[in-house]
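*Asks:* So that you have it, the file is coords_11.csv, and it contains CSV, C-alpha atoms and all ligand atoms:
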```csv
chain,number,residue,atom,x,y,z
A,1,PHE,CA,56.3,172.4,-146.6
A,2,LEU,CA,54.5,173.4,-143.4
A,3,HIS,CA,51.7,170.9,-143.9
A,4,LYS,CA,51.7,167.2,-143.6
A,5,ILE,CA,51.0,165.6,-147.0
A,6,VAL,CA,49.8,162.0,-147.5
A,7,LEU,CA,49.5,159.8,-150.6
A,8,GLY,CA,46.6,157.5,-150.2
A,9,ILE,CA,46.2,154.2,-152.3
A,10,GLU,CA,43.0,152.2,-152.5
A,11,THR,CA,42.6,148.8,-154.2
A,12,SER,CA,40.3,146.9,-151.9
A,13,CYS,CA,37.6,146.0,-154.4
A,14,ASP,CA,37.1,147.1,-158.0
A,15,ASP,CA,38.4,150.7,-158.0
A,16,THR,CA,42.1,151.5,-158.4
A,17,ALA,CA,42.4,154.9,-156.7
A,18,ALA,CA,45.0,157.3,-155.4
A,19,ALA,CA,45.1,160.8,-154.0
A,20,VAL,CA,47.4,163.3,-152.4
A,21,VAL,CA,45.8,165.3,-149.6
A,22,ASP,CA,47.3,167.8,-147.1
A,23,GLU,CA,46.6,168.4,-143.5
A,24,THR,CA,44.1,171.1,-144.1
A,25,GLY,CA,42.0,168.8,-146.2
A,26,ASN,CA,43.1,170.2,-149.6
A,27,VAL,CA,43.0,167.6,-152.3
A,28,LEU,CA,46.2,168.3,-154.2
A,29,GLY,CA,45.8,165.5,-156.7
A,30,GLU,CA,43.6,162.4,-157.4
A,31,ALA,CA,43.0,159.7,-159.9
A,32,ILE,CA,40.7,156.7,-160.1
A,33,HIS,CA,40.2,153.8,-162.5
A,34,SER,CA,36.8,152.0,-162.1
A,35,GLN,CA,36.4,148.4,-163.2
A,36,THR,CA,32.6,148.5,-162.9
A,37,GLU,CA,32.0,148.2,-166.7
A,38,VAL,CA,34.2,145.0,-166.9
A,39,HIS,CA,32.5,143.4,-163.9
A,40,LEU,CA,29.0,144.2,-165.1
A,41,LYS,CA,29.7,142.1,-168.1
A,42,THR,CA,30.7,139.0,-166.1
A,43,GLY,CA,27.7,139.5,-163.7
A,44,GLY,CA,29.9,140.2,-160.7
A,45,ILE,CA,33.5,140.7,-159.6
A,46,VAL,CA,35.8,137.8,-160.6
A,47,PRO,CA,38.7,138.3,-158.1
A,48,PRO,CA,41.6,137.3,-160.4
A,49,VAL,CA,40.2,139.7,-163.1
A,50,ALA,CA,40.0,142.5,-160.6
A,51,GLN,CA,43.6,141.7,-159.5
A,52,GLN,CA,44.8,141.8,-163.1
A,53,LEU,CA,43.1,145.2,-163.7
A,54,HIS,CA,44.6,146.7,-160.6
A,55,ARG,CA,48.0,145.5,-161.7
A,56,GLU,CA,47.5,147.1,-165.1
A,57,ASN,CA,46.4,150.5,-163.7
A,58,ILE,CA,48.0,151.1,-160.3
A,59,GLN,CA,51.3,152.6,-161.5
A,60,ARG,CA,49.5,155.0,-163.9
A,61,ILE,CA,46.9,156.0,-161.3
A,62,VAL,CA,49.4,156.7,-158.5
A,63,GLN,CA,51.6,158.6,-161.0
A,64,GLU,CA,48.6,160.7,-162.2
A,65,ALA,CA,47.6,161.6,-158.6
A,66,LEU,CA,51.2,162.6,-157.8
A,67,SER,CA,51.7,164.6,-161.0
A,68,ALA,CA,48.4,166.5,-160.5
A,69,SER,CA,49.5,167.4,-157.0
A,70,ARG,CA,52.6,169.1,-158.4
A,71,ILE,CA,54.6,168.1,-155.3
A,72,SER,CA,57.8,166.1,-155.4
A,73,PRO,CA,57.3,162.6,-153.9
A,74,SER,CA,60.1,163.5,-151.5
A,75,ASP,CA,57.7,166.1,-149.9
A,76,LEU,CA,55.3,163.3,-148.8
A,77,SER,CA,54.9,162.9,-145.1
A,78,ALA,CA,53.7,159.3,-145.5
A,79,ILE,CA,52.0,156.7,-147.7
A,80,ALA,CA,48.7,155.3,-146.6
A,81,THR,CA,47.1,152.2,-148.1
A,82,THR,CA,44.0,150.1,-147.5
A,83,ILE,CA,45.1,146.8,-146.1
A,84,LYS,CA,41.7,145.4,-145.1
A,85,PRO,CA,38.8,144.5,-145.4
A,86,GLY,CA,38.3,143.6,-149.1
A,87,LEU,CA,39.2,141.1,-151.7
A,88,ALA,CA,42.6,139.5,-150.8
A,89,LEU,CA,43.8,139.5,-154.4
A,90,SER,CA,42.9,143.2,-154.9
A,91,LEU,CA,44.3,144.4,-151.6
A,92,GLY,CA,47.5,142.6,-152.4
A,93,VAL,CA,48.2,144.7,-155.5
A,94,GLY,CA,47.9,148.0,-153.6
A,95,LEU,CA,49.9,146.7,-150.7
A,96,SER,CA,52.8,145.3,-152.8
A,97,PHE,CA,52.9,148.5,-154.8
A,98,SER,CA,52.9,150.7,-151.7
A,99,LEU,CA,55.6,148.7,-149.9
A,100,GLN,CA,57.8,149.1,-152.9
A,101,LEU,CA,57.2,152.8,-153.1
A,102,VAL,CA,57.7,153.2,-149.3
A,103,GLY,CA,61.0,151.4,-149.7
A,104,GLN,CA,62.1,153.6,-152.6
A,105,LEU,CA,61.1,156.9,-151.1
A,106,LYS,CA,62.0,155.9,-147.5
A,107,LYS,CA,58.7,157.3,-146.1
A,108,PRO,CA,56.6,156.1,-143.2
A,109,PHE,CA,53.8,153.6,-144.1
A,110,ILE,CA,50.2,153.9,-142.6
A,111,PRO,CA,48.0,150.8,-143.1
A,112,ILE,CA,44.4,151.8,-143.4
A,113,HIS,CA,41.2,150.0,-142.5
A,114,HIS,CA,38.7,150.7,-145.4
A,115,MET,CA,35.7,151.2,-143.1
A,116,GLU,CA,37.6,153.6,-140.8
A,117,ALA,CA,38.4,155.6,-143.9
A,118,HIS,CA,34.7,155.7,-145.0
A,119,ALA,CA,33.7,156.8,-141.5
A,120,LEU,CA,36.3,159.6,-141.3
A,121,THR,CA,35.8,161.1,-144.8
A,122,VAL,CA,33.2,163.4,-143.4
A,123,ARG,CA,35.8,165.2,-141.3
A,124,LEU,CA,37.5,166.3,-144.5
A,125,THR,CA,34.3,167.8,-145.9
A,126,ASN,CA,32.6,169.1,-142.6
A,127,LYS,CA,33.7,170.3,-139.3
A,128,VAL,CA,32.6,167.4,-137.0
A,129,GLU,CA,34.1,166.5,-133.7
A,130,PHE,CA,34.1,163.1,-132.0
A,131,PRO,CA,31.9,161.4,-130.9
A,132,PHE,CA,29.5,161.0,-133.8
A,133,LEU,CA,27.2,158.2,-134.9
A,134,VAL,CA,28.1,156.7,-138.3
A,135,LEU,CA,26.0,154.6,-140.7
A,136,LEU,CA,28.2,152.8,-143.2
A,137,ILE,CA,26.4,151.3,-146.1
A,138,SER,CA,28.3,149.8,-149.0
A,139,GLY,CA,28.7,146.8,-151.3
A,140,GLY,CA,30.4,144.8,-148.5
A,141,HIS,CA,29.1,146.3,-145.3
A,142,CYS,CA,26.3,147.7,-143.3
A,143,LEU,CA,27.1,148.9,-139.8
A,144,LEU,CA,26.1,151.5,-137.2
A,145,ALA,CA,28.8,152.6,-134.9
A,146,LEU,CA,29.7,155.4,-132.4
A,147,VAL,CA,33.0,157.0,-133.6
A,148,GLN,CA,34.8,158.1,-130.4
A,149,GLY,CA,38.2,158.8,-131.9
A,150,VAL,CA,40.3,158.3,-135.1
A,151,SER,CA,40.5,154.5,-134.5
A,152,ASP,CA,38.0,154.2,-131.6
A,153,PHE,CA,34.8,152.7,-132.8
A,154,LEU,CA,31.9,151.2,-130.8
A,155,LEU,CA,30.0,148.9,-133.0
A,156,LEU,CA,26.2,149.2,-132.3
A,157,GLY,CA,24.8,146.9,-134.9
A,158,LYS,CA,25.5,145.3,-138.3
A,159,SER,CA,23.9,143.4,-141.1
A,160,LEU,CA,23.0,139.8,-140.1
A,161,ASP,CA,23.4,138.7,-143.7
A,162,ILE,CA,24.4,140.7,-146.9
A,163,ALA,CA,25.2,144.4,-147.3
A,164,PRO,CA,22.6,146.7,-148.9
A,165,GLY,CA,24.9,147.5,-151.9
A,166,ASP,CA,25.3,143.7,-152.5
A,167,MET,CA,21.5,143.4,-152.5
A,168,LEU,CA,21.0,146.3,-154.9
A,169,ASP,CA,23.7,144.8,-157.2
A,170,LYS,CA,22.0,141.4,-157.2
A,171,VAL,CA,18.5,142.9,-157.9
A,172,ALA,CA,20.0,145.0,-160.7
A,173,ARG,CA,21.6,141.8,-162.2
A,174,ARG,CA,18.3,139.9,-161.9
A,175,LEU,CA,16.5,142.7,-163.7
A,176,SER,CA,19.2,142.9,-166.3
A,177,LEU,CA,19.5,146.7,-165.8
A,178,ILE,CA,22.9,146.6,-167.6
A,179,LYS,CA,20.8,146.2,-170.8
A,180,HIS,CA,18.9,149.4,-170.1
A,181,PRO,CA,20.5,152.1,-172.4
A,182,GLU,CA,20.7,154.7,-169.7
A,183,CYS,CA,22.3,152.3,-167.2
A,184,SER,CA,24.9,150.3,-169.1
A,185,THR,CA,27.9,151.6,-167.2
A,186,MET,CA,26.2,152.2,-163.8
A,187,SER,CA,26.8,150.2,-160.6
A,188,GLY,CA,23.6,148.2,-159.6
A,189,GLY,CA,22.8,150.6,-156.9
A,190,LYS,CA,23.2,153.6,-159.1
A,191,ALA,CA,21.1,152.1,-161.9
A,192,ILE,CA,18.3,151.3,-159.4
A,193,GLU,CA,18.3,154.9,-158.1
A,194,HIS,CA,18.2,156.2,-161.6
A,195,LEU,CA,15.3,154.1,-162.7
A,196,ALA,CA,13.4,154.3,-159.4
A,197,LYS,CA,12.9,158.0,-160.0
A,198,GLN,CA,10.5,157.1,-162.8
A,199,GLY,CA,8.7,154.5,-160.8
A,200,ASN,CA,5.6,154.5,-158.6
A,201,ARG,CA,6.6,154.2,-154.9
A,202,PHE,CA,3.0,153.3,-153.8
A,203,TYR,CA,2.7,150.3,-156.2
A,204,PHE,CA,3.7,147.7,-153.6
A,205,ASP,CA,2.7,147.7,-149.9
A,206,ILE,CA,5.9,146.4,-148.3
A,207,LYS,CA,6.6,145.7,-144.6
A,208,PRO,CA,10.2,146.2,-143.3
A,209,PRO,CA,12.1,143.2,-141.8
A,210,LEU,CA,13.3,142.7,-138.2
A,211,HIS,CA,10.5,145.0,-137.0
A,212,ARG,CA,10.2,143.5,-133.6
A,213,ALA,CA,13.9,143.1,-132.9
A,214,LYS,CA,15.0,145.6,-130.3
A,215,ASN,CA,18.5,146.2,-131.5
A,216,CYS,CA,20.4,147.9,-134.3
A,217,ASP,CA,21.1,144.9,-136.5
A,218,PHE,CA,20.1,145.0,-140.2
A,219,SER,CA,19.1,142.4,-142.8
A,220,PHE,CA,19.0,142.8,-146.5
A,221,THR,CA,18.1,139.4,-147.9
A,222,GLY,CA,14.5,140.7,-147.7
A,223,LEU,CA,13.5,144.3,-148.0
A,224,GLN,CA,15.2,147.5,-147.0
A,225,HIS,CA,14.8,149.1,-143.6
A,226,ILE,CA,17.8,151.2,-142.8
A,227,THR,CA,16.1,154.1,-141.1
A,228,ASP,CA,14.0,151.9,-138.7
A,229,LYS,CA,17.1,150.7,-136.9
A,230,ILE,CA,18.5,154.2,-136.3
A,231,ILE,CA,15.3,155.6,-134.8
A,232,MET,CA,15.7,152.9,-132.1
A,233,LYS,CA,19.3,153.9,-131.4
A,234,LYS,CA,18.5,157.6,-131.2
A,235,GLU,CA,15.9,156.9,-128.5
A,236,LYS,CA,18.7,155.5,-126.3
A,237,GLU,CA,21.6,157.9,-127.0
A,238,GLU,CA,22.0,161.6,-127.1
A,239,ASP,CA,23.9,161.8,-130.4
A,240,ALA,CA,23.7,165.1,-132.2
A,241,VAL,CA,25.3,164.1,-135.5
A,242,LEU,CA,24.5,161.1,-137.8
A,243,VAL,CA,27.0,160.6,-140.6
A,244,ALA,CA,26.2,158.3,-143.5
A,245,SER,CA,28.9,157.1,-145.9
A,246,GLY,CA,29.8,154.2,-148.1
A,247,GLY,CA,28.7,153.7,-151.7
A,248,VAL,CA,25.0,153.2,-150.9
A,249,ALA,CA,25.0,156.5,-149.0
A,250,SER,CA,25.4,158.3,-152.3
A,251,ASN,CA,21.8,157.4,-152.9
A,252,PHE,CA,19.6,160.5,-152.6
A,253,TYR,CA,16.4,158.5,-151.8
A,254,ILE,CA,18.2,157.0,-148.8
A,255,ARG,CA,19.7,160.3,-147.8
A,256,ARG,CA,16.3,161.9,-147.9
A,257,ALA,CA,14.9,159.2,-145.6
A,258,LEU,CA,17.8,159.7,-143.2
A,259,GLU,CA,17.2,163.4,-143.3
A,260,ILE,CA,13.5,163.0,-142.4
A,261,LEU,CA,14.6,160.8,-139.5
A,262,THR,CA,17.3,163.2,-138.2
A,263,ASN,CA,15.1,166.3,-138.6
A,264,ALA,CA,12.4,164.6,-136.5
A,265,THR,CA,14.9,163.8,-133.7
A,266,GLN,CA,16.8,167.1,-133.8
A,267,CYS,CA,19.9,165.5,-135.1
A,268,THR,CA,22.1,166.7,-137.9
A,269,LEU,CA,22.7,164.5,-140.9
A,270,LEU,CA,26.0,164.8,-142.6
A,271,CYS,CA,26.9,162.9,-145.8
A,272,PRO,CA,30.1,163.4,-147.9
A,273,PRO,CA,29.4,164.2,-151.5
A,274,PRO,CA,28.5,161.0,-153.6
A,275,ARG,CA,32.0,160.8,-155.2
A,276,LEU,CA,33.5,160.6,-151.7
A,277,CYS,CA,30.9,158.0,-150.5
A,278,THR,CA,31.9,155.5,-153.1
A,279,ASP,CA,35.5,154.1,-153.0
A,280,ASN,CA,38.2,156.7,-153.7
A,281,GLY,CA,41.8,157.5,-152.8
A,282,ILE,CA,41.0,160.8,-151.0
A,283,MET,CA,39.4,159.0,-148.1
A,284,ILE,CA,42.5,156.8,-147.7
A,285,ALA,CA,44.9,159.8,-147.8
A,286,TRP,CA,42.7,161.7,-145.4
A,287,ASN,CA,42.6,158.7,-143.0
A,288,GLY,CA,46.5,158.8,-143.2
A,289,ILE,CA,46.4,162.5,-142.2
A,290,GLU,CA,44.1,161.8,-139.3
A,291,ARG,CA,46.4,159.0,-138.1
A,292,LEU,CA,49.5,161.1,-138.5
A,293,ARG,CA,47.9,163.9,-136.4
A,294,ALA,CA,46.8,161.4,-133.8
A,295,GLY,CA,50.2,159.6,-133.9
A,296,LEU,CA,48.4,156.3,-134.5
A,297,GLY,CA,49.7,153.2,-136.5
A,298,ILE,CA,52.5,154.9,-138.4
A,299,LEU,CA,55.1,152.4,-139.4
A,300,HIS,CA,58.6,153.6,-139.9
A,301,ASP,CA,60.0,150.2,-140.6
A,302,ILE,CA,58.2,148.0,-143.1
A,303,GLU,CA,60.7,145.2,-142.7
A,304,GLY,CA,58.7,142.1,-141.9
A,305,ILE,CA,55.5,143.3,-143.7
A,306,ARG,CA,55.1,141.0,-146.7
A,307,TYR,CA,52.3,140.4,-149.0
A,308,GLU,CA,52.7,137.9,-151.8
A,309,PRO,CA,49.6,137.9,-154.0
A,310,LYS,CA,48.8,134.4,-155.3
B,1,LIG,O1,31.8,151.9,-150.9
B,1,LIG,P1,31.7,151.3,-152.2
B,1,LIG,O2,32.2,152.1,-153.4
B,1,LIG,O3,32.5,149.9,-152.2
B,1,LIG,C1,32.5,149.1,-151.1
B,1,LIG,O4,33.3,149.4,-150.1
B,1,LIG,O5,31.7,148.2,-151.1
B,1,LIG,O6,30.2,150.8,-152.4
B,1,LIG,C2,29.8,150.1,-153.6
B,1,LIG,C3,28.3,149.8,-153.5
B,1,LIG,C4,27.8,149.0,-154.7
B,1,LIG,O7,27.1,147.9,-154.2
B,1,LIG,C5,26.9,149.9,-155.5
B,1,LIG,O8,25.8,149.3,-156.1
B,1,LIG,C6,26.5,150.9,-154.4
B,1,LIG,O9,27.6,151.0,-153.6
B,1,LIG,N1,26.1,152.2,-154.9
B,1,LIG,C7,24.8,152.7,-154.8
B,1,LIG,C8,24.8,153.9,-155.5
B,1,LIG,N2,26.1,154.1,-156.0
B,1,LIG,C9,26.8,153.0,-155.7
B,1,LIG,N3,23.7,152.2,-154.1
B,1,LIG,C10,22.6,153.0,-154.2
B,1,LIG,N4,22.5,154.2,-154.8
B,1,LIG,C11,23.6,154.7,-155.5
B,1,LIG,N5,23.5,155.9,-156.1
B,2,ZN,ZN,34.0,151.1,-149.7
```
Take the structure in this file and express it as structure tokens.

*Replies:*
Amino acid sequence: FLHKIVLGIETSCDDTAAAVVDETGNVLGEAIHSQTEVHLKTGGIVPPVAQQLHRENIQRIVQEALSASRISPSDLSAIATTIKPGLALSLGVGLSFSLQLVGQLKKPFIPIHHMEAHALTVRLTNKVEFPFLVLLISGGHCLLALVQGVSDFLLLGKSLDIAPGDMLDKVARRLSLIKHPECSTMSGGKAIEHLAKQGNRFYFDIKPPLHRAKNCDFSFTGLQHITDKIIMKKEKEEDAVLVASGGVASNFYIRRALEILTNATQCTLLCPPPRLCTDNGIMIAWNGIERLRAGLGILHDIEGIRYEPK
């Protein structure tokens, strides 16, 4: 094989995902098992339940991704796995499984930071050079950063409280959207996007939070105000590209708002397709490729790395 090929494994939250991606960005194989339906019934993620579901599915999902790729595991250049941030019990399943596989196949191991992976996904789908501005909006995070290199991030602002996806999930739960026949299997954010299309956007006159704060921090315990904080940043920096990623960035209303903002400031907005914005194995494998190419954080000896899930 001329190209580097990486197997990526993701279990940081409630998706068990794996993918095989090559150096040119070709997705050779992928598989995902979503736990959304189970967690919707309990009104949120119960970590030991998520752990158990990861355990039940990881072997099959990794096998499916590998089989679909039609490569032999011995052709892999490395195995990349999310090691943080996320739910400890969920992360542990992916890490233990990966370390075992790394030992069996005698391949290098590349530990992946979940947010770095969300930020770099765009380089698989679009030609974008460093530096670029990235807005990461998901169930666990909201941050604005300048990406200067594969693992060189300058944090410009973050949520002072909860993440926008967390807020959307809580609102959806309070409104019992799971009972809506069209939304019974959708994440909270997706259900709200779906139903909001039928709503009247002028019904409430709402004022965004942190309006007077002259920085890039966000807050989501009140109302939403994502674009406000980026206008302020753009006034200060000459960034030509704004990348938006993370589960909440699969929302087309938010994408449109960001597009209006970037058009007005002669910036380019780039968003990976929705299925690559929400958690997936492809972004982890691609992050592994980026790190292999940059020669960063590749472990050839996993002796000493231990993870014993409780
Ligand atoms: O990135 P992600 O899959 O997992 C984390 O790393 O958190 O993001 C999941 C979050 C959930 O809170 C979900 O409600 C939200 O992304 N989400 C959406 C949409 N699809 C998923 N939020 C708004 N609109 C959507 N279409
Ligand atoms: Zn995520």

*Asks:* One decimal, Å: what's the distance from atom CA of Thr11 of chain A over to atom CA of Pro181 of chain A, could you say?

*Replies:* 28.8 Å

*Asks:* List as number ranges by chain the protein and nucleic acid residues lying within 10 Å of ligand LIG 1 (chain B), with all atoms listed in the file counted.

*Replies:* A: 12-15, 34, 36, 85-86, 114-115, 118, 136-142, 163-172, 186-194, 245-255, 274-280

*Asks:* Keeping only C-alpha atoms, write the selected residues as a PDB file, keeping the file's coordinate frame.

*Replies:*
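again.pdb, freshly written:
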```pdb
ATOM      1  CA  SER A  12      40.300 146.900-151.900  1.00  0.00           C
ATOM      2  CA  CYS A  13      37.600 146.000-154.400  1.00  0.00           C
ATOM      3  CA  ASP A  14      37.100 147.100-158.000  1.00  0.00           C
ATOM      4  CA  ASP A  15      38.400 150.700-158.000  1.00  0.00           C
ATOM      5  CA  SER A  34      36.800 152.000-162.100  1.00  0.00           C
ATOM      6  CA  THR A  36      32.600 148.500-162.900  1.00  0.00           C
ATOM      7  CA  PRO A  85      38.800 144.500-145.400  1.00  0.00           C
ATOM      8  CA  GLY A  86      38.300 143.600-149.100  1.00  0.00           C
ATOM      9  CA  HIS A 114      38.700 150.700-145.400  1.00  0.00           C
ATOM     10  CA  MET A 115      35.700 151.200-143.100  1.00  0.00           C
ATOM     11  CA  HIS A 118      34.700 155.700-145.000  1.00  0.00           C
ATOM     12  CA  LEU A 136      28.200 152.800-143.200  1.00  0.00           C
ATOM     13  CA  ILE A 137      26.400 151.300-146.100  1.00  0.00           C
ATOM     14  CA  SER A 138      28.300 149.800-149.000  1.00  0.00           C
ATOM     15  CA  GLY A 139      28.700 146.800-151.300  1.00  0.00           C
ATOM     16  CA  GLY A 140      30.400 144.800-148.500  1.00  0.00           C
ATOM     17  CA  HIS A 141      29.100 146.300-145.300  1.00  0.00           C
ATOM     18  CA  CYS A 142      26.300 147.700-143.300  1.00  0.00           C
ATOM     19  CA  ALA A 163      25.200 144.400-147.300  1.00  0.00           C
ATOM     20  CA  PRO A 164      22.600 146.700-148.900  1.00  0.00           C
ATOM     21  CA  GLY A 165      24.900 147.500-151.900  1.00  0.00           C
ATOM     22  CA  ASP A 166      25.300 143.700-152.500  1.00  0.00           C
ATOM     23  CA  MET A 167      21.500 143.400-152.500  1.00  0.00           C
ATOM     24  CA  LEU A 168      21.000 146.300-154.900  1.00  0.00           C
ATOM     25  CA  ASP A 169      23.700 144.800-157.200  1.00  0.00           C
ATOM     26  CA  LYS A 170      22.000 141.400-157.200  1.00  0.00           C
ATOM     27  CA  VAL A 171      18.500 142.900-157.900  1.00  0.00           C
ATOM     28  CA  ALA A 172      20.000 145.000-160.700  1.00  0.00           C
ATOM     29  CA  MET A 186      26.200 152.200-163.800  1.00  0.00           C
ATOM     30  CA  SER A 187      26.800 150.200-160.600  1.00  0.00           C
ATOM     31  CA  GLY A 188      23.600 148.200-159.600  1.00  0.00           C
ATOM     32  CA  GLY A 189      22.800 150.600-156.900  1.00  0.00           C
ATOM     33  CA  LYS A 190      23.200 153.600-159.100  1.00  0.00           C
ATOM     34  CA  ALA A 191      21.100 152.100-161.900  1.00  0.00           C
ATOM     35  CA  ILE A 192      18.300 151.300-159.400  1.00  0.00           C
ATOM     36  CA  GLU A 193      18.300 154.900-158.100  1.00  0.00           C
ATOM     37  CA  HIS A 194      18.200 156.200-161.600  1.00  0.00           C
ATOM     38  CA  SER A 245      28.900 157.100-145.900  1.00  0.00           C
ATOM     39  CA  GLY A 246      29.800 154.200-148.100  1.00  0.00           C
ATOM     40  CA  GLY A 247      28.700 153.700-151.700  1.00  0.00           C
ATOM     41  CA  VAL A 248      25.000 153.200-150.900  1.00  0.00           C
ATOM     42  CA  ALA A 249      25.000 156.500-149.000  1.00  0.00           C
ATOM     43  CA  SER A 250      25.400 158.300-152.300  1.00  0.00           C
ATOM     44  CA  ASN A 251      21.800 157.400-152.900  1.00  0.00           C
ATOM     45  CA  PHE A 252      19.600 160.500-152.600  1.00  0.00           C
ATOM     46  CA  TYR A 253      16.400 158.500-151.800  1.00  0.00           C
ATOM     47  CA  ILE A 254      18.200 157.000-148.800  1.00  0.00           C
ATOM     48  CA  ARG A 255      19.700 160.300-147.800  1.00  0.00           C
ATOM     49  CA  PRO A 274      28.500 161.000-153.600  1.00  0.00           C
ATOM     50  CA  ARG A 275      32.000 160.800-155.200  1.00  0.00           C
ATOM     51  CA  LEU A 276      33.500 160.600-151.700  1.00  0.00           C
ATOM     52  CA  CYS A 277      30.900 158.000-150.500  1.00  0.00           C
ATOM     53  CA  THR A 278      31.900 155.500-153.100  1.00  0.00           C
ATOM     54  CA  ASP A 279      35.500 154.100-153.000  1.00  0.00           C
ATOM     55  CA  ASN A 280      38.200 156.700-153.700  1.00  0.00           C
TER      56      ASN A 280
END
```

*Asks:* Just the number, please: distance in Å from atom CA of Ser74 of chain A to atom CA of Ser96 of chain A, one decimal.

*Replies:*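 That distance, rounded to one decimal, is 19.7 Å.
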
*Asks:* Mind checking which residues fall within 10 Å of Asn287 of chain A, counting all atoms listed in the file, ignoring those fewer than 2 positions away in the same chain, and posting them as a PyMOL selection string?

*Replies:* chain A and resi 6+8+21+80-82+110-114+116-121+123-124+150-151+281-285+289-293

*Asks:* Hey, which of A:Thr221, A:Gln104, A:Asn126, A:Ser159 ends up closest to Leu144 of chain A? Count only C-alpha atoms.

*Replies:* A:Ser159

*Asks:* Find, counting only C-alpha atoms and all ligand atoms, the residue in A:Leu160, A:Val102, A:Val49, A:Leu87 that gets nearest to ligand ZN 2 (chain B).

*Replies:*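 When distances to ligand ZN 2 (chain B) are compared using only C-alpha atoms and all ligand atoms, the smallest one comes from A:Leu87.
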
*Asks:* Name the residues, using the chain letters and numbers of the file, that sit within 8 Å of (62.5, 163.0, -146.8) when counting all atoms listed in the file, and give them as a ChimeraX atom specification.

*Replies:* /A:74-77,105-107

*Asks:* Using all atoms listed in the file, which protein or nucleic acid residues come within 12 Å of Gln63 of chain A? Drop anything in the same chain fewer than 2 positions from it, and give the result as a PyMOL selection string.

*Replies:* chain A and resi 7-9+17-20+29-32+57-61+65-73+97+101

*Asks:* Okay, now the selection with C-alpha atoms, as a short mmCIF file (atom, residue, chain, number, x, y, z; two decimals), in the frame of the given file?

*Replies:*
```cif
data_model
loop_
_atom_site.label_atom_id
_atom_site.label_comp_id
_atom_site.auth_asym_id
_atom_site.auth_seq_id
_atom_site.Cartn_x
_atom_site.Cartn_y
_atom_site.Cartn_z
CA LEU A 7 49.50 159.80 -150.60
CA GLY A 8 46.60 157.50 -150.20
CA ILE A 9 46.20 154.20 -152.30
CA ALA A 17 42.40 154.90 -156.70
CA ALA A 18 45.00 157.30 -155.40
CA ALA A 19 45.10 160.80 -154.00
CA VAL A 20 47.40 163.30 -152.40
CA GLY A 29 45.80 165.50 -156.70
CA GLU A 30 43.60 162.40 -157.40
CA ALA A 31 43.00 159.70 -159.90
CA ILE A 32 40.70 156.70 -160.10
CA ASN A 57 46.40 150.50 -163.70
CA ILE A 58 48.00 151.10 -160.30
CA GLN A 59 51.30 152.60 -161.50
CA ARG A 60 49.50 155.00 -163.90
CA ILE A 61 46.90 156.00 -161.30
CA ALA A 65 47.60 161.60 -158.60
CA LEU A 66 51.20 162.60 -157.80
CA SER A 67 51.70 164.60 -161.00
CA ALA A 68 48.40 166.50 -160.50
CA SER A 69 49.50 167.40 -157.00
CA ARG A 70 52.60 169.10 -158.40
CA ILE A 71 54.60 168.10 -155.30
CA SER A 72 57.80 166.10 -155.40
CA PRO A 73 57.30 162.60 -153.90
CA PHE A 97 52.90 148.50 -154.80
CA LEU A 101 57.20 152.80 -153.10
#
```

*Asks:* Pick the closest to Pro47 of chain A from A:Leu89, A:Leu2, A:Leu146, A:Ile226: which is it, counting all atoms listed in the file?

*Replies:*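 Checking each of A:Leu89, A:Leu2, A:Leu146, A:Ile226 against Pro47 of chain A, counting all atoms listed in the file, the winner is A:Leu89.
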
*Asks:* Contacts of segment 259-263 of chain A at 10 Å or less, counting only C-alpha atoms, minus same-chain residues fewer than 6 places along, as a PyMOL selection string?

*Replies:* chain A and resi 227-228+230-231+234+240-242+253+269-270

*Asks:* Go ahead and save the picked residues with C-alpha atoms, as a PDB file, in the frame of the given file.

*Replies:*
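Just written: selection_8.pdb:
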```pdb
ATOM      1  CA  THR A 227      16.100 154.100-141.100  1.00  0.00           C
ATOM      2  CA  ASP A 228      14.000 151.900-138.700  1.00  0.00           C
ATOM      3  CA  ILE A 230      18.500 154.200-136.300  1.00  0.00           C
ATOM      4  CA  ILE A 231      15.300 155.600-134.800  1.00  0.00           C
ATOM      5  CA  LYS A 234      18.500 157.600-131.200  1.00  0.00           C
ATOM      6  CA  ALA A 240      23.700 165.100-132.200  1.00  0.00           C
ATOM      7  CA  VAL A 241      25.300 164.100-135.500  1.00  0.00           C
ATOM      8  CA  LEU A 242      24.500 161.100-137.800  1.00  0.00           C
ATOM      9  CA  TYR A 253      16.400 158.500-151.800  1.00  0.00           C
ATOM     10  CA  LEU A 269      22.700 164.500-140.900  1.00  0.00           C
ATOM     11  CA  LEU A 270      26.000 164.800-142.600  1.00  0.00           C
TER      12      LEU A 270
END
```

*Asks:* Which value, in Å to one decimal, gives the distance between atom CA of Gln198 of chain A and atom CA of Leu223 of chain A?

*Replies:*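 Computing the Euclidean distance for atom CA of Gln198 of chain A and atom CA of Leu223 of chain A yields 19.8 Å.
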
*Asks:* Check the smallest atom-to-atom distance from each of A:Lys41, A:Arg55, A:His33, A:Lys84 to ligand ZN 2 (chain B) using only C-alpha atoms and all ligand atoms, then report the winner.

*Replies:* A:Lys84
